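Chemist: Pasting a structure here, questions to come.
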There are 2 protein chains.
Amino acid sequence: MVTGIIGAIGMGDFDSFRRRGAFNFMPQYTSLREVLVDHNLAALGDALVNFLYSLARSIKEGTPLGVKVKGRLLADALDGVGLRQYLPPRTTRHERADAAESLIFYAWARGVVTLEEEIEILCQKDDATEAFRDLLHRILSSLPLIK
Amino acid sequence: MVTGIIGAIGMGDFDSFRRRGAFNFMPQYTSLREVLVDHNLAALGDALVNFLYSLARSIKEGTPLGVKVKGRLLADALDGVGLRQYLPPRTTRHERADAAESLIFYAWARGVVTLEEEIEILCQKDDATEAFRDLLHRILSSLPLIK
């Protein structure tokens, strides 16, 4: 199994998948910063984030919608939970958006949060930046070793 | 609950979500064609398909990857399982790709197939068109009322 900065592997969706090592493709991160600056993980996280937010918006608006989440919004959400301090100086907005995407994927893959819970959190606010800030807050609340 | 062309609601991931009516935003489809030609559902399905395939490719290749699934490939997969006959004449390739995306979302939302199973199927073939054809086959095998 993957071991890393989170001690306990959570229970939730994809548990059998997780137990069979499906997420072993993730590098063995030893710090939060390593997760945040992994651009490959961000590319996968981008696909997850667009799916989660498209589903959340569809539920909220009562009609199927496909939404591409703007990088600016993710970067602002990352700043809003104080994660900028974990990134190198002069990190661009694009890199901060990538960092948010990496962390959201990582947290789900490690079982810290389920897809259902992520969607529910994203449904709770009308403002997308606030919604993602709340999601990052929720994720960070379960990563005690790195706060 | 949503009722439509599938009699039974499957068991799997997102069951509590489903029971609470999270997918009630989907129209009440009365035929397969209605699902296949719903462009709004396709936009949401596009986000799901890109997420599923990005994760499947990451697992297969042993490194995180974000992949945008090409429409041509989805259109070919749709043709490969004989679904073109359910679409209007002179349907474009883009519309056939949309139809595949709509159906993949619909099947998951109705509990016909879980995300885990979808990812496993997509991992089993190196050729992406074959992988999506197998996924559509699996979905259609559980939709007896419409075949």
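Each chain in the structure tokens gets a letter, A, B and so on, in the order shown; residues start at 1 in every chain, and ligands are counted from 1 in the order they appear.
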Would you kindly report the residues of chain B within 6 Å of chain A, using only C-alpha atoms, as a list in words?

Modeler: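 Listed by rising number, the hits are Phe25, Asn40, Leu41, Ala43, Leu44, Ala47, Leu48, Phe51, Ile59, Gly62, Thr63, Pro64, Leu65 and Gly66 of chain B.
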
Chemist: Please identify which residues in stretch 35-68 of chain B DSSP calls helix (DSSP H, G or I) from the backbone, and express them as a PyMOL selection string.

Modeler: chain B and resi 35-36+39-61

Chemist: Counting only C-alpha atoms, what is within 12 Å of A:Pro88, bar same-chain residues fewer than 5 positions away, as a PDB file with C-alpha atoms, in the first residue's frame?

Modeler:
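To be explicit, this is the file written out as out.pdb:
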```
ATOM      1  CA  ARG A  33       4.676  20.258  -0.586  1.00  0.00           C
ATOM      2  CA  GLU A  34       5.527  17.224  -2.706  1.00  0.00           C
ATOM      3  CA  LEU A  36       1.135  20.273  -4.053  1.00  0.00           C
ATOM      4  CA  VAL A  37       3.867  20.632  -6.672  1.00  0.00           C
ATOM      5  CA  LEU A  83      -1.761  26.758   1.716  1.00  0.00           C
ATOM      6  CA  GLU A  95       0.628  26.529 -10.185  1.00  0.00           C
ATOM      7  CA  ARG A  96      -1.626  27.301  -7.211  1.00  0.00           C
ATOM      8  CA  ALA A  99      -1.737  22.490  -6.230  1.00  0.00           C
TER       9      ALA A  99
END
```
